[in-house]
>>> print(open('input.csv').read())   # CSV, C-alpha atoms
chain,number,residue,atom,x,y,z
A,296,MET,CA,-0.8,35.3,-13.1
A,297,ALA,CA,2.3,33.1,-12.9
A,298,ASN,CA,2.9,30.7,-10.1
A,299,GLY,CA,-0.5,31.3,-8.5
A,300,GLU,CA,0.6,34.7,-7.3
A,301,HIS,CA,-2.1,37.3,-6.3
A,302,GLN,CA,-4.7,34.5,-6.3
A,303,GLN,CA,-7.0,34.0,-3.3
A,304,THR,CA,-5.6,31.4,-1.0
A,305,LEU,CA,-7.8,28.3,-1.0
A,306,HIS,CA,-8.0,25.9,2.0
A,307,LEU,CA,-8.4,22.2,2.3
A,308,ASN,CA,-9.3,20.7,5.7
A,309,LEU,CA,-7.6,17.5,6.5
A,310,HIS,CA,-8.2,14.9,9.2
A,311,ILE,CA,-5.6,12.2,9.8
A,312,LYS,CA,-6.8,8.9,11.4
A,313,ILE,CA,-4.0,6.7,12.7
A,314,LEU,CA,-4.1,3.0,12.7
A,315,THR,CA,-0.4,2.6,12.8
A,316,PRO,CA,1.7,5.7,13.7
A,317,PRO,CA,4.1,6.9,10.9
A,318,SER,CA,7.4,5.1,11.1
A,319,PRO,CA,10.2,7.5,12.2
A,320,PRO,CA,12.9,8.2,9.7
A,321,PRO,CA,14.6,6.5,7.9
A,322,ASP,CA,11.8,4.0,7.4
A,323,GLY,CA,9.1,6.7,7.2
A,324,ASN,CA,8.3,10.4,7.9
A,325,THR,CA,6.6,12.3,10.6
A,326,ILE,CA,3.2,13.8,10.0
A,327,ALA,CA,4.7,17.2,10.6
A,328,ASN,CA,7.4,16.7,7.9
A,329,MET,CA,4.8,15.4,5.4
A,330,MET,CA,2.5,18.4,6.1
A,331,ALA,CA,5.4,20.9,5.8
A,332,ALA,CA,6.5,19.3,2.5
A,333,MET,CA,3.0,19.3,1.2
A,334,ASN,CA,2.2,22.9,2.1
A,335,GLU,CA,5.5,24.1,0.6
A,336,THR,CA,4.6,22.5,-2.7
A,337,PHE,CA,0.9,23.6,-2.6
A,338,SER,CA,1.9,27.2,-1.7
A,339,ARG,CA,2.8,27.6,-5.4
A,340,ALA,CA,-0.9,27.2,-6.1
A,341,ASN,CA,-1.9,29.3,-3.1
A,342,VAL,CA,-3.5,26.3,-1.5
A,343,THR,CA,-3.1,25.6,2.2
A,344,VAL,CA,-3.9,22.3,3.8
A,345,ASN,CA,-5.1,22.7,7.3
A,346,LEU,CA,-4.6,19.7,9.6
A,347,VAL,CA,-7.8,19.9,11.6
A,348,THR,CA,-7.5,16.7,13.6
A,349,THR,CA,-5.0,13.9,14.1
A,350,ASP,CA,-6.3,11.1,16.1
A,351,GLU,CA,-6.2,7.4,16.7
A,352,MET,CA,-9.0,5.5,15.2
A,353,ASP,CA,-12.0,4.7,17.4
A,354,LEU,CA,-12.2,1.1,16.3
A,355,THR,CA,-12.8,-2.1,18.1
A,356,ARG,CA,-9.6,-4.2,18.4
A,357,ASP,CA,-11.0,-6.7,15.8
A,358,GLU,CA,-11.7,-3.9,13.3
A,359,PHE,CA,-8.4,-2.2,14.0
A,360,GLU,CA,-6.4,-5.4,13.3
A,361,PHE,CA,-8.4,-6.1,10.2
A,362,PHE,CA,-8.1,-2.7,8.6
A,363,ASN,CA,-4.5,-2.1,9.6
A,364,SER,CA,-3.4,-4.3,6.6
A,365,LEU,CA,-5.8,-2.8,4.1
A,366,PHE,CA,-6.6,-4.3,0.7
A,367,VAL,CA,-7.5,-1.7,-1.9
A,368,GLY,CA,-8.4,-3.9,-4.8
A,369,GLU,CA,-7.2,-2.4,-8.1
A,370,CYS,CA,-6.9,1.0,-6.4
A,371,ASN,CA,-7.3,3.1,-9.5
A,372,VAL,CA,-10.7,1.8,-10.6
A,373,ALA,CA,-13.1,1.6,-7.6
A,374,PRO,CA,-12.8,1.4,-3.9
A,375,SER,CA,-12.5,-2.0,-2.3
A,376,ASP,CA,-15.1,-3.3,0.2
A,377,GLU,CA,-12.5,-2.6,2.9
A,378,GLN,CA,-12.0,1.0,1.7
A,379,ILE,CA,-15.8,1.5,1.7
A,380,GLU,CA,-16.1,0.2,5.2
A,381,LEU,CA,-13.2,2.3,6.4
A,382,SER,CA,-14.7,5.4,4.9
A,383,ALA,CA,-17.5,5.2,7.4
A,384,PHE,CA,-15.1,6.2,10.1
A,385,ARG,CA,-14.9,10.0,9.5
A,386,ALA,CA,-15.9,11.2,13.0
A,387,ASN,CA,-16.7,14.9,12.7
A,388,ALA,CA,-15.2,15.5,9.3
A,389,ALA,CA,-17.3,17.7,7.1
A,390,ILE,CA,-18.4,16.5,3.7
A,391,THR,CA,-15.7,18.3,1.8
A,392,ASP,CA,-13.0,17.5,4.4
A,393,VAL,CA,-10.4,15.0,3.4
A,394,VAL,CA,-9.7,12.1,5.8
A,395,VAL,CA,-6.4,10.2,5.4
A,396,TYR,CA,-6.0,6.9,7.2
A,397,ILE,CA,-2.5,5.7,8.0
A,398,CYS,CA,-2.3,1.9,8.0
A,399,GLU,CA,0.7,-0.5,8.4
A,400,THR,CA,0.2,-2.0,5.0
A,401,VAL,CA,-1.7,-0.9,1.9
A,402,MET,CA,-2.0,-3.6,-0.7
A,403,ASN,CA,-3.6,-3.6,-4.1
A,404,ASP,CA,-4.0,-6.4,-6.7
A,405,LEU,CA,-0.3,-6.3,-7.5
A,406,GLY,CA,1.3,-5.8,-4.1
A,407,ALA,CA,2.4,-3.2,-1.7
A,408,LEU,CA,1.5,0.5,-2.3
A,409,ASP,CA,2.6,3.7,-0.7
A,410,GLY,CA,-1.0,5.0,-0.8
A,411,CYS,CA,-4.3,5.0,-2.6
A,412,SER,CA,-6.8,7.8,-3.0
A,413,THR,CA,-9.7,5.9,-4.6
A,414,HIS,CA,-12.7,6.5,-2.5
A,415,PRO,CA,-16.5,6.1,-2.4
A,416,GLN,CA,-18.2,8.9,-4.3
A,417,GLY,CA,-18.7,12.0,-2.1
A,418,ILE,CA,-16.5,10.7,0.7
A,419,PRO,CA,-13.0,12.1,0.0
A,420,MET,CA,-10.4,9.9,1.6
A,421,ALA,CA,-7.1,8.3,1.0
A,422,VAL,CA,-5.0,5.7,2.7
A,423,ILE,CA,-1.2,5.8,3.1
A,424,ARG,CA,1.3,3.3,4.5
A,425,SER,CA,2.9,4.1,7.8
A,426,SER,CA,6.4,3.8,6.2
A,427,CYS,CA,5.5,6.0,3.2
A,428,ALA,CA,7.7,8.5,1.5
A,429,LEU,CA,7.9,12.2,2.4
A,430,TYR,CA,5.6,13.2,-0.5
A,431,THR,CA,3.1,10.3,-0.4
A,432,LEU,CA,0.5,12.4,1.6
A,433,ALA,CA,0.8,15.4,-0.8
A,434,HIS,CA,0.7,13.1,-3.8
A,435,GLU,CA,-2.5,11.3,-2.7
A,436,ILE,CA,-4.2,14.6,-1.9
A,437,GLY,CA,-3.1,15.8,-5.3
A,438,HIS,CA,-5.1,12.9,-6.7
A,439,LEU,CA,-8.1,13.9,-4.6
A,440,LEU,CA,-7.8,17.4,-6.0
A,441,GLY,CA,-8.1,16.0,-9.5
A,442,LEU,CA,-4.5,15.5,-10.5
A,443,ASP,CA,-3.2,12.6,-12.5
A,444,HIS,CA,0.2,11.0,-12.6
A,445,SER,CA,2.8,13.0,-14.6
A,446,PRO,CA,3.7,11.0,-17.7
A,447,ASP,CA,7.3,12.2,-17.8
A,448,GLN,CA,8.4,10.7,-14.4
A,449,LEU,CA,10.6,13.7,-13.7
A,450,THR,CA,11.7,13.4,-10.1
A,451,HIS,CA,10.9,17.0,-9.2
A,452,ARG,CA,7.2,16.6,-9.9
A,453,LEU,CA,4.8,15.9,-7.1
A,454,MET,CA,2.7,13.7,-9.4
A,455,ASN,CA,5.6,11.4,-10.3
A,456,PRO,CA,4.0,7.9,-10.2
A,457,ALA,CA,6.6,6.8,-7.7
A,458,PRO,CA,6.3,9.0,-4.5
A,459,ALA,CA,9.5,7.5,-3.2
A,460,ASN,CA,11.3,8.9,-6.2
A,461,ILE,CA,10.2,12.5,-5.7
A,462,ASP,CA,13.0,14.9,-4.9
A,463,ALA,CA,12.4,17.9,-2.5
A,464,PRO,CA,11.1,20.4,-3.2
A,465,ALA,CA,8.4,18.8,-5.3
A,466,LYS,CA,6.8,21.0,-7.9
A,467,LEU,CA,3.4,21.5,-9.6
A,468,ILE,CA,3.1,22.6,-13.2
A,469,LYS,CA,0.8,25.4,-14.3
A,470,SER,CA,-1.9,23.1,-15.7
A,471,GLU,CA,-1.9,21.1,-12.4
A,472,ILE,CA,-2.3,24.4,-10.4
A,473,LYS,CA,-5.2,25.4,-12.5
A,474,LYS,CA,-6.9,22.0,-12.2
A,475,MET,CA,-6.4,21.6,-8.4
A,476,ARG,CA,-7.7,25.2,-7.7
A,477,GLN,CA,-11.0,24.1,-9.4
A,478,SER,CA,-11.6,21.3,-7.0
A,479,GLY,CA,-14.8,21.4,-5.0
A,480,LEU,CA,-12.8,20.3,-1.9
A,481,LEU,CA,-11.2,23.7,-1.6
A,482,ASN,CA,-12.8,26.6,0.1
B,256,MET,CA,27.3,-8.2,-14.5
B,257,ALA,CA,25.2,-8.1,-11.4
B,258,LYS,CA,24.1,-4.6,-10.3
B,259,THR,CA,25.2,-3.1,-7.0
B,260,LYS,CA,22.8,-2.7,-4.1
B,261,GLU,CA,22.7,1.0,-4.8
B,262,ASP,CA,21.7,0.5,-8.4
B,263,ILE,CA,18.9,-1.9,-7.5
B,264,LEU,CA,17.5,0.4,-4.8
B,265,LYS,CA,17.5,3.3,-7.3
B,266,ILE,CA,15.6,1.2,-9.8
B,267,ILE,CA,13.0,0.1,-7.1
B,268,ARG,CA,12.7,3.6,-5.8
B,269,GLY,CA,11.5,4.7,-9.2
B,270,ALA,CA,9.0,1.9,-9.7
B,271,LYS,CA,5.5,2.9,-10.8
B,272,PRO,CA,2.6,1.5,-8.7
B,273,ASN,CA,2.2,-1.3,-11.3
B,274,TYR,CA,6.0,-1.9,-11.6
B,275,SER,CA,5.7,-1.8,-15.4
B,276,ASN,CA,8.8,0.4,-15.8
B,277,VAL,CA,11.1,-1.8,-13.8
B,278,ILE,CA,10.0,-5.3,-14.6
B,279,ASP,CA,12.7,-6.0,-17.1
B,280,LYS,CA,15.5,-3.9,-15.6
B,281,LEU,CA,16.7,-6.6,-13.2
B,282,THR,CA,18.0,-10.0,-14.2
B,283,ASP,CA,18.8,-13.5,-12.8
B,284,GLU,CA,22.2,-12.2,-11.8
B,285,ASP,CA,20.7,-9.6,-9.6
B,286,TYR,CA,18.6,-12.0,-7.5
B,287,PRO,CA,21.3,-12.8,-4.9
B,288,VAL,CA,21.8,-9.1,-4.3
B,289,ILE,CA,18.1,-8.6,-4.0
B,290,GLU,CA,17.9,-11.5,-1.4
B,291,ASN,CA,20.5,-9.7,0.7
B,292,LEU,CA,18.7,-6.4,0.4
B,293,ILE,CA,15.3,-7.6,1.5
B,294,ASP,CA,16.2,-8.1,5.2
B,295,ASP,CA,19.1,-5.7,5.3
B,296,VAL,CA,18.8,-3.5,8.3
B,297,ASN,CA,20.1,-0.5,6.3
B,298,VAL,CA,17.3,-0.7,3.8
B,299,ASN,CA,14.1,1.1,4.9
B,300,VAL,CA,10.9,-0.9,5.1
B,301,ASN,CA,9.3,1.3,2.3
B,302,LEU,CA,11.8,0.0,-0.2
B,303,ALA,CA,12.0,-3.5,1.2
B,304,VAL,CA,8.3,-4.1,0.7
B,305,LYS,CA,8.6,-2.9,-2.9
B,306,LEU,CA,11.5,-5.3,-3.5
B,307,VAL,CA,9.3,-8.1,-2.2
B,308,THR,CA,6.4,-7.1,-4.5
B,309,TYR,CA,8.8,-6.8,-7.4
B,310,ILE,CA,10.3,-10.2,-6.9
B,311,GLY,CA,6.8,-11.7,-6.6
B,312,LEU,CA,5.7,-10.2,-9.9
B,313,LEU,CA,8.6,-11.9,-11.7
B,314,LYS,CA,6.8,-15.2,-11.1
B,315,SER,CA,10.0,-17.2,-11.3
B,316,GLU,CA,11.0,-20.2,-9.1
B,317,LYS,CA,14.4,-18.4,-8.8
B,318,CYS,CA,12.6,-15.8,-6.8
B,319,LEU,CA,11.5,-18.2,-4.1
B,320,PRO,CA,14.6,-17.8,-1.9
B,321,ALA,CA,14.0,-14.1,-1.7
B,322,LEU,CA,10.3,-14.6,-0.9
B,323,GLU,CA,11.3,-17.1,1.8
B,324,ILE,CA,13.5,-14.5,3.4
B,325,ALA,CA,10.6,-12.1,3.4
B,326,ALA,CA,8.2,-14.7,4.7
B,327,LYS,CA,10.5,-15.4,7.6
B,328,SER,CA,11.5,-11.8,8.3
B,329,GLU,CA,11.0,-10.3,11.8
B,330,LYS,CA,9.3,-7.4,10.0
B,331,ARG,CA,5.5,-7.8,9.9
B,332,GLU,CA,5.3,-5.7,6.7
B,333,LEU,CA,7.6,-8.0,4.8
B,334,ARG,CA,5.8,-11.1,5.9
B,335,THR,CA,2.5,-9.5,4.9
B,336,VAL,CA,3.7,-8.7,1.4
B,337,ALA,CA,5.4,-12.1,1.0
B,338,ALA,CA,2.1,-13.8,2.0
B,339,PHE,CA,0.4,-12.1,-0.9
B,340,GLU,CA,3.2,-12.3,-3.5
B,341,LEU,CA,3.5,-16.0,-3.0
B,342,ARG,CA,0.3,-16.4,-4.9
B,343,HIS,CA,2.3,-16.1,-8.1
B,344,LEU,CA,4.3,-19.2,-7.3
B,345,THR,CA,1.8,-21.7,-5.9
B,346,ASN,CA,2.7,-24.2,-8.5
B,347,PHE,CA,5.9,-24.8,-6.5
B,348,PRO,CA,5.5,-26.9,-3.3
B,349,LYS,CA,8.0,-24.6,-1.4
B,350,ALA,CA,5.6,-21.7,-1.9
B,351,VAL,CA,2.6,-23.6,-0.6
B,352,SER,CA,4.6,-24.7,2.4
B,353,LEU,CA,5.5,-21.1,3.1
B,354,ILE,CA,1.8,-20.1,2.8
B,355,ASN,CA,0.9,-22.9,5.1
B,356,ASP,CA,3.3,-21.5,7.8
B,357,LEU,CA,2.1,-17.9,7.2
B,358,LEU,CA,-1.5,-19.0,8.0
B,359,ASP,CA,-0.3,-19.5,11.6
B,360,ASP,CA,1.5,-16.1,11.8
B,361,PRO,CA,0.8,-14.2,15.0
B,362,ASN,CA,0.0,-11.0,12.9
B,363,LEU,CA,-3.5,-10.8,11.6
B,364,GLY,CA,-2.4,-8.9,8.5
B,365,VAL,CA,-0.1,-11.7,7.5
B,366,ARG,CA,-2.8,-14.3,8.0
B,367,LYS,CA,-5.3,-12.2,6.1
B,368,PHE,CA,-3.1,-12.0,3.0
B,369,ALA,CA,-2.0,-15.6,3.3
B,370,LEU,CA,-5.7,-16.5,3.2
B,371,LYS,CA,-6.2,-14.2,0.1
B,372,THR,CA,-3.4,-16.2,-1.6
B,373,VAL,CA,-5.1,-19.4,-0.7
B,374,ALA,CA,-8.4,-18.1,-2.3
B,375,ALA,CA,-6.7,-16.5,-5.3
B,376,SER,CA,-4.7,-19.6,-6.1
B,377,LYS,CA,-7.5,-22.0,-5.2
B,378,LEU,CA,-5.3,-24.0,-2.9
B,379,ILE,CA,-7.7,-26.8,-2.1
B,380,ASN,CA,-4.9,-28.8,-0.5
B,381,LEU,CA,-4.8,-26.2,2.3
B,382,LYS,CA,-8.6,-26.5,3.0
B,383,GLU,CA,-8.0,-28.4,6.2
B,384,LYS,CA,-5.4,-25.9,7.3
B,385,VAL,CA,-7.9,-23.1,6.7
B,386,GLU,CA,-10.5,-24.9,8.8
B,387,LEU,CA,-8.0,-25.2,11.6
B,388,VAL,CA,-7.1,-21.5,11.3
B,389,LEU,CA,-10.8,-20.6,11.3
B,390,GLU,CA,-11.3,-22.7,14.5
B,391,LYS,CA,-8.7,-20.9,16.5
B,392,GLU,CA,-9.2,-17.4,15.1
B,393,SER,CA,-10.1,-15.0,17.9
B,394,ASN,CA,-10.8,-11.9,15.7
B,395,ASN,CA,-14.4,-11.8,14.7
B,396,ARG,CA,-13.7,-9.9,11.5
B,397,MET,CA,-11.1,-12.5,10.5
B,398,LYS,CA,-13.5,-15.3,11.4
B,399,ILE,CA,-16.0,-14.0,8.9
B,400,PHE,CA,-13.3,-13.5,6.3
B,401,SER,CA,-11.9,-17.0,6.9
B,402,MET,CA,-15.3,-18.5,6.7
B,403,GLY,CA,-15.8,-16.9,3.2
B,404,ILE,CA,-12.5,-18.5,2.0
B,405,LYS,CA,-13.4,-21.8,3.6
B,406,ASP,CA,-16.7,-21.8,1.8
B,407,SER,CA,-15.1,-21.0,-1.5
B,408,LEU,CA,-12.7,-23.9,-1.0
B,409,ASP,CA,-15.6,-26.2,-0.1
B,410,ILE,CA,-17.3,-25.3,-3.4
B,411,LEU,CA,-14.1,-25.9,-5.3
B,412,ALA,CA,-13.5,-29.2,-3.6
B,413,ASN,CA,-17.0,-30.4,-4.3
B,414,ASN,CA,-16.7,-29.4,-8.0
B,415,THR,CA,-13.4,-31.2,-8.3
B,416,ILE,CA,-14.9,-34.4,-6.9
B,417,MET,CA,-17.9,-34.1,-9.3
B,418,HIS,CA,-15.6,-33.8,-12.3
>>> encode(input="input.csv", output="structure tokens")
Amino acid sequence: MANGEHQQTLHLNLHIKILTPPSPPPDGNTIANMMAAMNETFSRANVTVNLVTTDEMDLTRDEFEFFNSLFVGECNVAPSDEQIELSAFRANAAITDVVVYICETVMNDLGALDGCSTHPQGIPMAVIRSSCALYTLAHEIGHLLGLDHSPDQLTHRLMNPAPANIDAPAKLIKSEIKKMRQSGLLN
Amino acid sequence: MAKTKEDILKIIRGAKPNYSNVIDKLTDEDYPVIENLIDDVNVNVNLAVKLVTYIGLLKSEKCLPALEIAAKSEKRELRTVAAFELRHLTNFPKAVSLINDLLDDPNLGVRKFALKTVAASKLINLKEKVELVLEKESNNRMKIFSMGIKDSLDILANNTIMH
């Protein structure tokens, strides 16, 4: 069954919470563009991401200012205290829905990141920077669906470790398709 | 020979999240070009913040001019990243002076990461400045955060006196 053809279409529900709106091109990309790029890539796996809600965060001004420059610790090990606190703001998202927060700055132990998908267990979430690349959203959701970075750094692969270096249209390989379709976040 | 702006941006665009694949691709000769790129209006913020991160990771005094440009940039994102990356260079007075200034930044994110640098680098000589920052901080979340940093500096200062 090559390229995911003739497979049942699986769906992922996504909620986007905005702390800082995505920067317009050339600094960043609109949510519509990022969604379109992601769904084009995921269509190869017969996976559709449904953007259920897009809203501004319901935070106090103090919370908003604090979380808008988010520290994610090591990112690939465990969520930081700030990520854990932020994960509580899911509004009406269901348990398997993914919530992506858009912050002005995402910083790990080394420095600035495009995004980070490390999350508290059972609370699927990611954070992305407002000036992120076109495929950052899809890349982080790829992580949430179980995908690791591609070791070859080929620029046509969605899981290239550097989202800014991914050329359109980004591709998934067969093993990635198989793995992501097994994710419990899809229905 | 120094690389062109385009060459440098291509290298930075391909940087892994831990920058391990680019850390030895740029040399001293490239620093002046990097300095020009950081606040270049034609370079998007996404790449500029990566340049600032990269330059910080080099941990070289030669990188201070580039970090100073970022620390004094009009772009909040660049000042935020500079505030954090300066932690690699706190053995140089210039870096400490820049952190001191960034603790007064109007943007909370910049102040937050400047405080993280104070804590990470155990900058006891900025203890009084942190106390002043805490006094005038209007954001309650930041007050709690600043209090934690101040307490850690107090402990460090007491231990230093005891030894």
>>> residues_near_point(input="input.csv", point="(-14.1, 22.8, -2.6)", cutoff="10 Å", atoms="all atoms listed in the file", output="number ranges by chain")
A: 305-308, 390-392, 440, 475-482
>>> residues_around(input="input.csv", residues="range 359-373 of chain B", least_positions_apart="6", cutoff="8 Å", atoms="only C-alpha atoms", output="tab-separated table (two decimals) with C-alpha atoms, in the frame of the given file")
chain	number	residue	atom	x	y	z
A	360	GLU	CA	-6.40	-5.40	13.30
A	361	PHE	CA	-8.40	-6.10	10.20
A	363	ASN	CA	-4.50	-2.10	9.60
A	364	SER	CA	-3.40	-4.30	6.60
B	331	ARG	CA	5.50	-7.80	9.90
B	334	ARG	CA	5.80	-11.10	5.90
B	335	THR	CA	2.50	-9.50	4.90
B	336	VAL	CA	3.70	-8.70	1.40
B	338	ALA	CA	2.10	-13.80	2.00
B	339	PHE	CA	0.40	-12.10	-0.90
B	340	GLU	CA	3.20	-12.30	-3.50
B	341	LEU	CA	3.50	-16.00	-3.00
B	342	ARG	CA	0.30	-16.40	-4.90
B	379	ILE	CA	-7.70	-26.80	-2.10
B	381	LEU	CA	-4.80	-26.20	2.30
B	385	VAL	CA	-7.90	-23.10	6.70
B	388	VAL	CA	-7.10	-21.50	11.30
B	397	MET	CA	-11.10	-12.50	10.50
B	401	SER	CA	-11.90	-17.00	6.90
B	404	ILE	CA	-12.50	-18.50	2.00
>>> interface_residues(input="input.csv", of="chain B", to="chain A", cutoff="7 Å", atoms="only C-alpha atoms", output="PyMOL selection string")
chain B and resi 268-273+299-301+304-305+308+332+336+340+363-364+394-397
>>> atom_distance(input="input.csv", atom1="CA of Cys398 in chain A", atom2="CA of Thr315 in chain A")
5.2 Å
>>> residues_around(input="input.csv", residues="Lys260 in chain B", least_positions_apart="4", cutoff="10 Å", atoms="only C-alpha atoms", output="PyMOL selection string")
chain B and resi 264-266+285+288-289+291-292+298
>>> atom_distance(input="input.csv", atom1="CA of Ser315 in chain B", atom2="CA of Asn380 in chain B")
21.8 Å
>>> atom_distance(input="input.csv", atom1="CA of Lys382 in chain B", atom2="CA of Pro374 in chain A")
29.0 Å
>>> residues_around(input="input.csv", residues="range 332-340 of chain A", least_positions_apart="2", cutoff="7 Å", atoms="all atoms listed in the file", output="PDB file with C-alpha atoms, in the frame of the given file")
ATOM      1  CA  ASN A 298       2.900  30.700 -10.100  1.00  0.00           C
ATOM      2  CA  GLY A 299      -0.500  31.300  -8.500  1.00  0.00           C
ATOM      3  CA  ASN A 328       7.400  16.700   7.900  1.00  0.00           C
ATOM      4  CA  MET A 329       4.800  15.400   5.400  1.00  0.00           C
ATOM      5  CA  MET A 330       2.500  18.400   6.100  1.00  0.00           C
ATOM      6  CA  VAL A 342      -3.500  26.300  -1.500  1.00  0.00           C
ATOM      7  CA  THR A 343      -3.100  25.600   2.200  1.00  0.00           C
ATOM      8  CA  VAL A 344      -3.900  22.300   3.800  1.00  0.00           C
ATOM      9  CA  TYR A 430       5.600  13.200  -0.500  1.00  0.00           C
ATOM     10  CA  ALA A 433       0.800  15.400  -0.800  1.00  0.00           C
ATOM     11  CA  PRO A 464      11.100  20.400  -3.200  1.00  0.00           C
ATOM     12  CA  ALA A 465       8.400  18.800  -5.300  1.00  0.00           C
ATOM     13  CA  LYS A 466       6.800  21.000  -7.900  1.00  0.00           C
ATOM     14  CA  ILE A 472      -2.300  24.400 -10.400  1.00  0.00           C
TER      15      ILE A 472
END
>>> residues_near_point(input="input.csv", point="(21.5, -9.4, 2.4)", cutoff="12 Å", atoms="all atoms listed in the file", output="ChimeraX atom specification")
/B:259-260,286-298,303,320-321,324-325,328
>>> closest_residue(input="input.csv", among="A:Lys312, A:His414, A:Arg385, A:Lys474", to="Leu442 in chain A", atoms="all atoms listed in the file")
A:Lys474
>>> residues_around(input="input.csv", residues="Thr413 in chain A", least_positions_apart="6", cutoff="9 Å", atoms="only C-alpha atoms", output="list in words")
Val367, Cys370, Asn371, Val372, Ala373, Pro374, Ser375, Gln378, Pro419, Met420, Ala421, Val422, His438 and Leu439 of chain A
>>> residues_around(input="input.csv", residues="Phe384 in chain A", least_positions_apart="5", cutoff="9 Å", atoms="all atoms listed in the file", output="mmCIF file with C-alpha atoms, in the coordinates of the input")
data_model
loop_
_atom_site.group_PDB
_atom_site.id
_atom_site.type_symbol
_atom_site.label_atom_id
_atom_site.label_comp_id
_atom_site.auth_asym_id
_atom_site.auth_seq_id
_atom_site.Cartn_x
_atom_site.Cartn_y
_atom_site.Cartn_z
ATOM 1 C CA LYS A 312 -6.800 8.900 11.400
ATOM 2 C CA MET A 352 -9.000 5.500 15.200
ATOM 3 C CA ASP A 353 -12.000 4.700 17.400
ATOM 4 C CA LEU A 354 -12.200 1.100 16.300
#
>>> closest_residue(input="input.csv", among="B:Leu344, B:Ala374, B:Cys318, B:Leu333", to="Lys405 in chain B", atoms="all atoms listed in the file")
B:Ala374
>>> build_atoms(input="input.csv", residues="range 375-392 of chain B", atoms="N, CA and C atoms", output="mmCIF file, in the coordinates of the input")
data_model
loop_
_atom_site.group_PDB
_atom_site.id
_atom_site.type_symbol
_atom_site.label_atom_id
_atom_site.label_comp_id
_atom_site.auth_asym_id
_atom_site.auth_seq_id
_atom_site.Cartn_x
_atom_site.Cartn_y
_atom_site.Cartn_z
ATOM 1 N N ALA B 375 -7.063 -16.905 -3.955
ATOM 2 C CA ALA B 375 -6.700 -16.500 -5.300
ATOM 3 C C ALA B 375 -6.112 -17.691 -6.100
ATOM 4 N N SER B 376 -5.334 -18.507 -5.400
ATOM 5 C CA SER B 376 -4.700 -19.600 -6.100
ATOM 6 C C SER B 376 -5.449 -20.934 -5.959
ATOM 7 N N LYS B 377 -6.625 -20.846 -5.336
ATOM 8 C CA LYS B 377 -7.500 -22.000 -5.200
ATOM 9 C C LYS B 377 -6.750 -23.223 -4.643
ATOM 10 N N LEU B 378 -6.120 -23.003 -3.511
ATOM 11 C CA LEU B 378 -5.300 -24.000 -2.900
ATOM 12 C C LEU B 378 -6.139 -25.010 -2.100
ATOM 13 N N ILE B 379 -6.809 -25.897 -2.807
ATOM 14 C CA ILE B 379 -7.700 -26.800 -2.100
ATOM 15 C C ILE B 379 -6.956 -27.715 -1.136
ATOM 16 N N ASN B 380 -5.687 -27.980 -1.435
ATOM 17 C CA ASN B 380 -4.900 -28.800 -0.500
ATOM 18 C C ASN B 380 -4.647 -28.151 0.831
ATOM 19 N N LEU B 381 -4.954 -26.856 0.954
ATOM 20 C CA LEU B 381 -4.800 -26.200 2.300
ATOM 21 C C LEU B 381 -6.183 -26.009 2.928
ATOM 22 N N LYS B 382 -7.188 -26.686 2.414
ATOM 23 C CA LYS B 382 -8.600 -26.500 3.000
ATOM 24 C C LYS B 382 -8.601 -26.910 4.460
ATOM 25 N N GLU B 383 -7.985 -28.033 4.793
ATOM 26 C CA GLU B 383 -8.000 -28.400 6.200
ATOM 27 C C GLU B 383 -7.272 -27.449 7.086
ATOM 28 N N LYS B 384 -6.186 -26.905 6.545
ATOM 29 C CA LYS B 384 -5.400 -25.900 7.300
ATOM 30 C C LYS B 384 -6.304 -24.661 7.543
ATOM 31 N N VAL B 385 -7.020 -24.248 6.511
ATOM 32 C CA VAL B 385 -7.900 -23.100 6.700
ATOM 33 C C VAL B 385 -8.978 -23.361 7.709
ATOM 34 N N GLU B 386 -9.468 -24.580 7.750
ATOM 35 C CA GLU B 386 -10.500 -24.900 8.800
ATOM 36 C C GLU B 386 -9.870 -24.827 10.173
ATOM 37 N N LEU B 387 -8.630 -25.265 10.322
ATOM 38 C CA LEU B 387 -8.000 -25.200 11.600
ATOM 39 C C LEU B 387 -7.745 -23.697 12.014
ATOM 40 N N VAL B 388 -7.332 -22.896 11.019
ATOM 41 C CA VAL B 388 -7.100 -21.500 11.300
ATOM 42 C C VAL B 388 -8.419 -20.820 11.707
ATOM 43 N N LEU B 389 -9.494 -21.178 11.028
ATOM 44 C CA LEU B 389 -10.800 -20.600 11.300
ATOM 45 C C LEU B 389 -11.222 -21.005 12.774
ATOM 46 N N GLU B 390 -10.939 -22.233 13.149
ATOM 47 C CA GLU B 390 -11.300 -22.700 14.500
ATOM 48 C C GLU B 390 -10.657 -21.915 15.594
ATOM 49 N N LYS B 391 -9.381 -21.577 15.397
ATOM 50 C CA LYS B 391 -8.700 -20.900 16.500
ATOM 51 C C LYS B 391 -8.621 -19.369 16.331
ATOM 52 N N GLU B 392 -9.241 -18.851 15.289
ATOM 53 C CA GLU B 392 -9.200 -17.400 15.100
ATOM 54 C C GLU B 392 -10.030 -16.685 16.140
#
